[in-house]
$ cat input.cif   # mmCIF, C-alpha atoms and all ligand atoms
data_target
#
loop_
_atom_site.label_atom_id
_atom_site.label_comp_id
_atom_site.auth_asym_id
_atom_site.auth_seq_id
_atom_site.Cartn_x
_atom_site.Cartn_y
_atom_site.Cartn_z
CA MET H 29 19.74 19.96 7.80
CA GLN H 30 22.40 19.65 10.48
CA PRO H 31 21.07 20.67 13.93
CA LYS H 32 22.75 23.58 15.79
CA ASN H 33 22.52 21.97 19.19
CA ILE H 34 21.60 18.60 20.64
CA HIS H 35 21.06 17.42 24.20
CA PHE H 36 21.62 13.70 24.73
CA ILE H 37 19.91 11.91 27.63
CA ILE H 38 21.64 8.62 28.36
CA ASN H 39 20.17 5.83 30.48
CA PRO H 40 23.25 3.88 31.61
CA ALA H 41 21.05 0.97 32.72
CA SER H 42 19.53 0.18 29.31
CA GLY H 43 20.01 -3.22 27.74
CA LYS H 44 23.10 -2.70 25.54
CA GLU H 45 26.65 -2.39 26.81
CA GLU H 46 28.63 -0.18 24.44
CA PRO H 47 30.85 2.96 24.66
CA ILE H 48 28.06 5.34 23.73
CA LEU H 49 29.86 8.54 24.85
CA SER H 50 32.79 7.69 22.65
CA TYR H 51 30.48 7.00 19.68
CA ILE H 52 28.78 10.38 20.15
CA ASN H 53 32.05 12.28 20.59
CA ASN H 54 33.62 10.68 17.52
CA ALA H 55 30.61 11.53 15.37
CA ILE H 56 30.23 15.10 16.54
CA LYS H 57 33.68 16.46 17.47
CA ASP H 58 34.54 17.83 14.02
CA THR H 59 31.15 19.49 13.47
CA LYS H 60 29.81 22.89 14.58
CA ILE H 61 27.07 21.29 16.68
CA ALA H 62 26.91 22.39 20.33
CA TRP H 63 26.08 19.38 22.46
CA GLN H 64 25.42 18.42 26.03
CA VAL H 65 24.94 15.09 27.74
CA THR H 66 22.93 14.12 30.79
CA VAL H 67 23.64 10.64 32.11
CA THR H 68 20.70 9.79 34.35
CA THR H 69 21.26 8.36 37.82
CA HIS H 70 17.65 7.48 38.61
CA GLU H 71 14.67 6.53 36.46
CA ASP H 72 12.78 9.77 37.34
CA ASP H 73 15.70 11.79 35.97
CA ILE H 74 14.74 10.91 32.40
CA TYR H 75 11.33 12.63 32.49
CA ASN H 76 12.53 15.58 34.59
CA THR H 77 15.59 16.24 32.42
CA ALA H 78 13.56 16.14 29.19
CA LYS H 79 10.92 18.47 30.68
CA LYS H 80 13.59 21.08 31.55
CA LEU H 81 14.96 20.96 28.00
CA ILE H 82 11.72 22.02 26.27
CA GLY H 83 12.50 25.01 24.05
CA LYS H 84 16.16 25.04 25.20
CA THR H 85 17.69 22.78 22.52
CA ASP H 86 16.98 21.88 18.91
CA ILE H 87 16.63 18.17 19.67
CA VAL H 88 16.45 15.97 22.75
CA VAL H 89 18.07 12.65 21.85
CA VAL H 90 17.47 9.70 24.14
CA TYR H 91 19.76 6.68 24.35
CA GLY H 92 17.87 3.81 25.91
CA GLY H 93 15.14 1.25 25.41
CA ASP H 94 11.40 1.66 25.05
CA GLY H 95 11.03 2.51 28.76
CA SER H 96 13.39 5.47 28.50
CA ILE H 97 11.88 6.60 25.20
CA THR H 98 8.36 6.60 26.67
CA LYS H 99 9.52 8.81 29.55
CA VAL H 100 11.07 11.37 27.18
CA ALA H 101 7.97 11.25 24.95
CA ARG H 102 5.71 11.94 27.95
CA ALA H 103 7.81 14.99 28.79
CA LEU H 104 7.94 16.38 25.24
CA GLN H 105 4.43 15.57 24.02
CA GLY H 106 2.49 18.62 22.87
CA THR H 107 5.63 20.81 22.70
CA PRO H 108 7.69 22.01 19.70
CA THR H 109 10.85 20.19 20.89
CA PRO H 110 11.45 16.99 18.90
CA MET H 111 12.76 13.66 20.20
CA GLY H 112 15.55 11.71 18.52
CA ILE H 113 16.33 8.09 19.40
CA ILE H 114 19.52 6.07 19.65
CA PRO H 115 18.36 2.49 20.28
CA GLY H 116 20.03 1.28 23.47
CA GLY H 117 17.55 -1.17 24.95
CA THR H 118 16.71 -4.83 24.60
CA ALA H 119 13.68 -4.79 22.32
CA ASN H 120 13.77 -1.25 20.85
CA VAL H 121 10.31 -1.60 19.33
CA MET H 122 9.72 2.15 18.95
CA SER H 123 12.92 2.74 17.01
CA LYS H 124 12.14 -0.21 14.70
CA GLU H 125 8.68 1.22 14.11
CA LEU H 126 10.24 4.54 13.05
CA GLY H 127 12.81 2.90 10.74
CA ILE H 128 15.74 4.12 12.87
CA PRO H 129 18.96 2.12 12.37
CA GLN H 130 19.45 -0.38 15.21
CA ASP H 131 23.20 0.21 15.24
CA ALA H 132 23.96 3.09 17.66
CA LYS H 133 26.72 4.58 15.47
CA GLU H 134 24.41 4.66 12.44
CA ALA H 135 21.59 6.19 14.48
CA ILE H 136 23.96 8.93 15.74
CA ASP H 137 25.24 9.55 12.22
CA LEU H 138 21.70 10.09 10.97
CA ILE H 139 21.10 12.81 13.58
CA VAL H 140 24.50 14.49 13.41
CA LYS H 141 24.56 14.63 9.61
CA GLY H 142 20.97 15.90 9.48
CA LYS H 143 19.76 12.92 7.42
CA PHE H 144 16.37 13.04 9.14
CA LYS H 145 13.00 14.75 8.96
CA VAL H 146 10.74 15.69 11.85
CA ALA H 147 7.44 13.80 11.78
CA GLU H 148 4.40 14.18 14.04
CA MET H 149 3.40 10.86 15.55
CA ASP H 150 0.26 9.88 17.41
CA MET H 151 0.30 8.81 21.02
CA GLY H 152 -2.38 7.25 23.19
CA GLU H 153 -3.62 7.79 26.72
CA ALA H 154 -4.90 5.12 29.11
CA ASN H 155 -6.45 6.13 32.44
CA GLY H 156 -4.49 9.38 32.26
CA ASP H 157 -1.07 7.85 31.38
CA SER H 158 0.19 8.56 27.90
CA PHE H 159 1.74 5.77 25.85
CA LEU H 160 3.56 5.41 22.55
CA LEU H 161 3.06 1.81 21.52
CA ARG H 162 0.16 -0.08 23.04
CA ILE H 163 -1.95 -1.41 25.89
CA ASN H 164 -1.91 -5.18 26.38
CA LEU H 165 -4.32 -7.34 28.36
CA GLY H 166 -4.48 -11.12 28.68
CA ILE H 167 -1.74 -13.43 27.46
CA MET H 168 0.26 -10.70 25.73
CA ALA H 169 0.42 -8.81 29.05
CA ASP H 170 1.15 -12.02 31.01
CA MET H 171 4.03 -12.78 28.67
CA ILE H 172 5.63 -9.42 29.43
CA ILE H 173 4.91 -9.58 33.17
CA ASN H 174 6.20 -13.15 33.46
CA ALA H 175 9.29 -12.88 31.22
CA ASP H 176 12.29 -13.60 33.42
CA PRO H 177 14.35 -10.34 33.61
CA ALA H 178 17.63 -12.27 33.80
CA LEU H 179 16.68 -14.29 30.72
CA LYS H 180 15.51 -11.11 28.96
CA SER H 181 18.79 -9.31 29.57
CA LYS H 182 20.74 -12.34 28.30
CA ILE H 183 18.76 -13.33 25.22
CA GLY H 184 16.49 -10.35 24.62
CA GLN H 185 13.19 -10.95 22.90
CA VAL H 186 13.59 -14.72 22.72
CA ALA H 187 12.75 -14.68 26.44
CA TYR H 188 9.24 -13.57 25.49
CA GLY H 189 8.96 -16.55 23.15
CA ILE H 190 9.88 -18.97 25.92
CA THR H 191 7.39 -17.32 28.27
CA ALA H 192 4.81 -17.25 25.47
CA ALA H 193 4.76 -21.01 25.16
CA LYS H 194 4.14 -21.39 28.91
CA THR H 195 1.59 -18.57 29.04
CA ALA H 196 -0.41 -19.77 26.02
CA ALA H 197 -0.78 -23.20 27.57
CA ALA H 198 -2.41 -21.63 30.65
CA ALA H 199 -4.46 -19.03 28.73
CA GLU H 200 -7.77 -18.03 30.23
CA GLN H 201 -10.81 -16.81 28.23
CA VAL H 202 -11.82 -13.35 29.42
CA SER H 203 -14.99 -11.43 28.61
CA TYR H 204 -14.07 -7.97 27.34
CA ASN H 205 -16.83 -5.39 27.39
CA MET H 206 -15.67 -2.62 25.05
CA THR H 207 -17.11 0.70 23.99
CA ILE H 208 -15.39 1.46 20.71
CA ASP H 209 -16.12 5.01 19.52
CA GLY H 210 -19.52 4.84 21.21
CA LYS H 211 -20.44 1.32 20.04
CA VAL H 212 -20.75 -1.34 22.76
CA ILE H 213 -19.16 -4.69 21.85
CA THR H 214 -18.69 -7.70 24.13
CA GLU H 215 -16.27 -10.41 23.02
CA GLU H 216 -14.41 -13.27 24.66
CA GLY H 217 -10.72 -13.67 24.06
CA VAL H 218 -7.32 -14.56 25.48
CA SER H 219 -5.57 -11.34 24.60
CA LEU H 220 -6.63 -7.78 23.86
CA THR H 221 -4.28 -5.15 22.49
CA VAL H 222 -5.06 -1.51 21.83
CA THR H 223 -2.17 -0.42 19.69
CA ASN H 224 -0.84 2.79 18.24
CA ALA H 225 2.04 0.92 16.55
CA GLY H 226 1.99 -1.96 14.06
CA ASN H 227 4.78 -3.86 15.76
CA MET H 228 3.17 -5.79 18.62
CA GLY H 229 6.48 -6.20 20.44
CA PHE H 230 7.29 -9.77 19.49
CA GLY H 231 9.73 -10.15 16.65
CA ASN H 232 8.86 -7.86 13.78
CA ALA H 233 5.42 -9.39 13.26
CA SER H 234 2.31 -7.29 13.05
CA LEU H 235 -0.99 -9.14 13.63
CA VAL H 236 -2.86 -6.71 11.43
CA GLU H 237 -1.53 -5.07 8.29
CA GLY H 238 -1.38 -1.33 7.77
CA ILE H 239 -1.22 -0.08 11.38
CA SER H 240 0.92 3.02 11.70
CA ILE H 241 1.78 5.49 14.44
CA PHE H 242 1.07 8.26 11.96
CA ASP H 243 -2.40 7.12 10.84
CA GLY H 244 -4.64 8.95 13.35
CA TRP H 245 -6.12 5.69 14.67
CA LEU H 246 -5.79 3.26 17.53
CA ASP H 247 -6.25 -0.40 16.55
CA VAL H 248 -8.05 -2.84 18.82
CA VAL H 249 -6.84 -6.41 18.20
CA LEU H 250 -8.48 -9.36 19.96
CA LEU H 251 -6.98 -12.85 19.91
CA THR H 252 -9.91 -15.19 20.55
CA SER H 253 -8.06 -18.43 21.30
CA ALA H 254 -4.59 -19.59 22.29
CA ASP H 255 -4.76 -23.25 21.26
CA PRO H 256 -1.87 -24.20 18.97
CA LEU H 257 -4.01 -24.32 15.80
CA SER H 258 -5.46 -20.88 16.52
CA LEU H 259 -2.02 -19.43 17.15
CA LEU H 260 -0.88 -20.85 13.82
CA GLN H 261 -3.91 -19.27 12.16
CA ALA H 262 -3.11 -15.98 13.89
CA ALA H 263 0.43 -16.22 12.54
CA GLY H 264 -1.17 -16.85 9.14
CA THR H 265 -3.12 -13.59 9.37
CA ALA H 266 0.14 -11.79 10.14
CA PHE H 267 2.37 -13.36 7.53
CA LEU H 268 -0.02 -14.46 4.78
CA ASN H 269 -2.72 -11.84 5.23
CA ILE H 270 -5.44 -14.47 5.61
CA ASP H 271 -8.76 -13.59 7.29
CA THR H 272 -9.66 -15.79 10.27
CA ASP H 273 -11.97 -15.53 13.27
CA VAL H 274 -8.97 -15.99 15.54
CA VAL H 275 -8.03 -12.34 15.21
CA LYS H 276 -10.71 -9.64 15.42
CA HIS H 277 -9.88 -6.04 14.64
CA TRP H 278 -11.48 -2.62 15.06
CA ARG H 279 -10.19 0.92 14.47
CA ALA H 280 -10.97 3.63 17.00
CA LYS H 281 -10.22 7.03 18.45
CA GLU H 282 -11.62 6.15 21.89
CA VAL H 283 -12.00 2.78 23.61
CA THR H 284 -13.32 1.99 27.07
CA ILE H 285 -12.70 -1.55 28.35
CA ARG H 286 -14.73 -2.87 31.28
CA LEU H 287 -13.59 -6.04 33.04
CA ASN H 288 -15.24 -8.36 35.56
CA LYS H 289 -12.54 -7.71 38.15
CA PRO H 290 -9.41 -5.54 38.58
CA THR H 291 -7.01 -6.85 35.97
CA SER H 292 -3.33 -6.31 35.24
CA TYR H 293 -2.46 -4.72 31.95
CA ILE H 294 0.67 -3.34 30.33
CA CYS H 295 0.85 0.32 29.27
CA ASP H 296 3.96 0.33 27.03
CA ASP H 297 6.51 -1.07 29.51
CA CYS H 298 4.64 -0.43 32.77
CA GLU H 299 2.36 -2.82 34.60
CA GLU H 300 -0.94 -1.27 35.77
CA LYS H 301 -4.13 -2.69 37.28
CA ALA H 302 -7.74 -1.54 36.74
CA GLN H 303 -11.28 -2.76 36.18
CA LYS H 304 -12.12 0.02 33.74
CA ILE H 305 -9.57 1.34 31.24
CA GLU H 306 -10.37 4.51 29.32
CA ILE H 307 -8.15 4.85 26.27
CA LYS H 308 -8.00 7.65 23.72
CA LEU H 309 -5.86 8.66 20.77
CA LEU H 310 -3.69 11.78 21.11
CA PRO H 311 -3.26 12.69 17.43
CA LYS H 312 0.07 14.17 16.25
CA ALA H 313 1.15 14.48 19.90
CA LEU H 314 4.91 14.16 19.50
CA LYS H 315 7.56 15.42 17.10
CA VAL H 316 10.09 12.67 16.32
CA LEU H 317 13.14 12.32 14.12
CA VAL H 318 12.78 9.71 11.37
CA PRO H 319 15.24 8.89 8.58
CA SER H 320 14.67 11.17 5.60
CA GLU H 321 15.22 8.19 3.30
CA LYS H 322 13.84 4.75 4.04
CA ASN H 323 16.53 2.37 5.32
CA LYS H 324 17.40 -0.35 2.89
N1 LIG D 1 20.43 5.46 36.19
C1 LIG D 1 19.25 5.20 35.63
N2 LIG D 1 18.64 6.12 34.85
C2 LIG D 1 17.47 5.84 34.27
N3 LIG D 1 16.82 4.67 34.38
C3 LIG D 1 17.38 3.71 35.14
C4 LIG D 1 18.61 3.94 35.80
N4 LIG D 1 18.93 2.82 36.47
C5 LIG D 1 17.98 1.93 36.25
N5 LIG D 1 17.02 2.44 35.44
C6 LIG D 1 15.95 1.64 34.89
O1 LIG D 1 16.36 1.28 33.60
C7 LIG D 1 15.34 0.47 33.08
C8 LIG D 1 15.62 0.11 31.63
O2 LIG D 1 15.26 1.09 30.76
P1 LIG D 1 14.89 0.85 29.22
O3 LIG D 1 13.48 0.48 29.05
O4 LIG D 1 15.32 2.10 28.55
O5 LIG D 1 15.82 -0.33 28.74
P2 LIG D 1 15.51 -1.85 28.38
O6 LIG D 1 14.52 -2.42 29.35
O7 LIG D 1 16.82 -2.51 28.24
O8 LIG D 1 14.89 -1.72 26.92
P3 LIG D 1 13.55 -2.24 26.18
O9 LIG D 1 12.40 -1.61 26.96
O10 LIG D 1 13.66 -1.71 24.78
O11 LIG D 1 13.57 -3.71 26.25
C9 LIG D 1 14.11 1.24 33.44
O12 LIG D 1 13.15 0.36 33.94
C10 LIG D 1 14.59 2.18 34.61
O13 LIG D 1 13.77 2.03 35.73
#

$ encode --input "input.cif" --output "structure tokens"
Amino acid sequence: MQPKNIHFIINPASGKEEPILSYINNAIKDTKIAWQVTVTTHEDDIYNTAKKLIGKTDIVVVYGGDGSITKVARALQGTPTPMGIIPGGTANVMSKELGIPQDAKEAIDLIVKGKFKVAEMDMGEANGDSFLLRINLGIMADMIINADPALKSKIGQVAYGITAAKTAAAAEQVSYNMTIDGKVITEEGVSLTVTNAGNMGFGNASLVEGISIFDGWLDVVLLTSADPLSLLQAAGTAFLNIDTDVVKHWRAKEVTIRLNKPTSYICDDCEEKAQKIEIKLLPKALKVLVPSEKNK
């Protein structure tokens, strides 16, 4: 059904350069939809604007990358106001996960023509900060922290690949002490991910099949080694669905990770540091617009 009103929040600093206001106006001008736009001037504006819109509009649509989307999600979680997405960033992992068209005009069309349904997706929380996608420790986190921003803005995700090769070569084995839904497990590995989403943020690959942001679970994925053969085997688990010891996997609602020393980790797009990370699932926390028919 076509919405009655929409508020668009636009991050002008997101990865893509395109005439987004003109795209929106062209799509909406001949409809009966009442619409407003907020173009943010500071990163805090995104959260604050979304918070003020709760209950005041049918849909809050965010144009931006995963960073902007996370801020809107944090504002709207637990409320009846749904979030729509127009992918405007570099990686746009969240929108890919939801099957939203990557082309901005197509994504706008979907919302304006009401070709969507509202789904309730899970979120996670780590040391009090909510997240949409995942927590990364070890080489996955290092890859994101070390990716050259200039390179990333020029060539997008390929920058992670270049950093990955360098990071994997210097990978360090870390002992992860985990309490997974009450069960204590200690394992060594080079990378630990606690993910709400199947897409791990690198290409469209998922290390473990069947992970979904709607499934009511967090998935704990440990990569035990970063030598080239192991990485190939890990790729095998992703693409060929082969079981190997290189990737270990648990499902959980609550995970506590204890580390030997304060360690950097990535919570969605933000870098944090802690020695103990308490993570829990927030089931059905956010209403989001998804295409009513699967994209071909
Ligand atoms: N005027 C502004 N309004 C909001 N955010 C801004 C603004 N100027 C700069 N920023 C910054 O924009 C950055 C980019 O946001 P975002 O994550 O949406 O895009 P991206 O990094 O290109 O995408 P992706 O995370 O998908 O790769 C944020 O880190 C935020 O701090």

$ axis_aligned_box --input "input.cif" --around "ligand LIG 1 (chain D)" --padding-each-side "3 Å" --output "AutoDock Vina command-line options"
--center_x 16.4 --center_y 1.2 --center_z 30.6 --size_x 14.0 --size_y 15.8 --size_z 17.7

$ atom_distance --input "input.cif" --atom1 "CA of Glu306 (chain H)" --atom2 "CA of Arg286 (chain H)"
8.8 Å

$ closest_residue --input "input.cif" --among "H:Ala302, H:Leu251, H:Ile38, H:Leu287" --to "ligand LIG 1 (chain D)" --atoms "only C-alpha atoms and all ligand atoms"
H:Ile38

$ residues_near_ligand --input "input.cif" --ligand "ligand LIG 1 (chain D)" --cutoff "10 Å" --atoms "all atoms listed in the file" --output "PyMOL selection string"
chain H and resi 37-45+66-75+90-99+115-123+177+180-181+184-185+229+296-298

$ residues_around --input "input.cif" --residues "region 104-114 of chain H" --least-positions-apart "4" --cutoff "8 Å" --atoms "all atoms listed in the file" --output "ChimeraX atom specification"
/H:78-79,82-83,85-92,97,100,123,128,130,132,135-136,139,146,313-318

$ closest_residue --input "input.cif" --among "H:Val249, H:Val275, H:Ala280, H:Ala199" --to "Lys211 (chain H)" --atoms "all atoms listed in the file"
H:Ala280

$ atom_distance --input "input.cif" --atom1 "CA of Lys289 (chain H)" --atom2 "CA of Asn205 (chain H)"
11.8 Å

$ atom_distance --input "input.cif" --atom1 "CA of Ala169 (chain H)" --atom2 "CA of Asn288 (chain H)"
17.0 Å

$ residues_around --input "input.cif" --residues "Val222 (chain H)" --least-positions-apart "3" --cutoff "8 Å" --atoms "only C-alpha atoms" --output "PyMOL selection string"
chain H and resi 162-164+246-249

$ residues_around --input "input.cif" --residues "Glu125 (chain H)" --least-positions-apart "4" --cutoff "9 Å" --atoms "all atoms listed in the file" --output "list in words"
Asn120, Val121, Ala225, Gly226, Asn227, Ser240 and Ile241 of chain H

$ residues_around --input "input.cif" --residues "Ala62 (chain H)" --least-positions-apart "3" --cutoff "9 Å" --atoms "all atoms listed in the file" --output "number ranges by chain"
H: 31-35, 56, 59

$ residues_around --input "input.cif" --residues "Gly152 (chain H)" --least-positions-apart "4" --cutoff "10 Å" --atoms "all atoms listed in the file" --output "ChimeraX atom specification"
/H:156-163,222-224,241,245-246,281-282,295,307-311,313

$ closest_residue --input "input.cif" --among "H:Leu81, H:Val140, H:Met149, H:Ala154" --to "Lys57 (chain H)" --atoms "all atoms listed in the file"
H:Val140

$ closest_residue --input "input.cif" --among "H:Gln303, H:Arg102, H:Thr291, H:Gln64" --to "Met151 (chain H)" --atoms "all atoms listed in the file"
H:Arg102
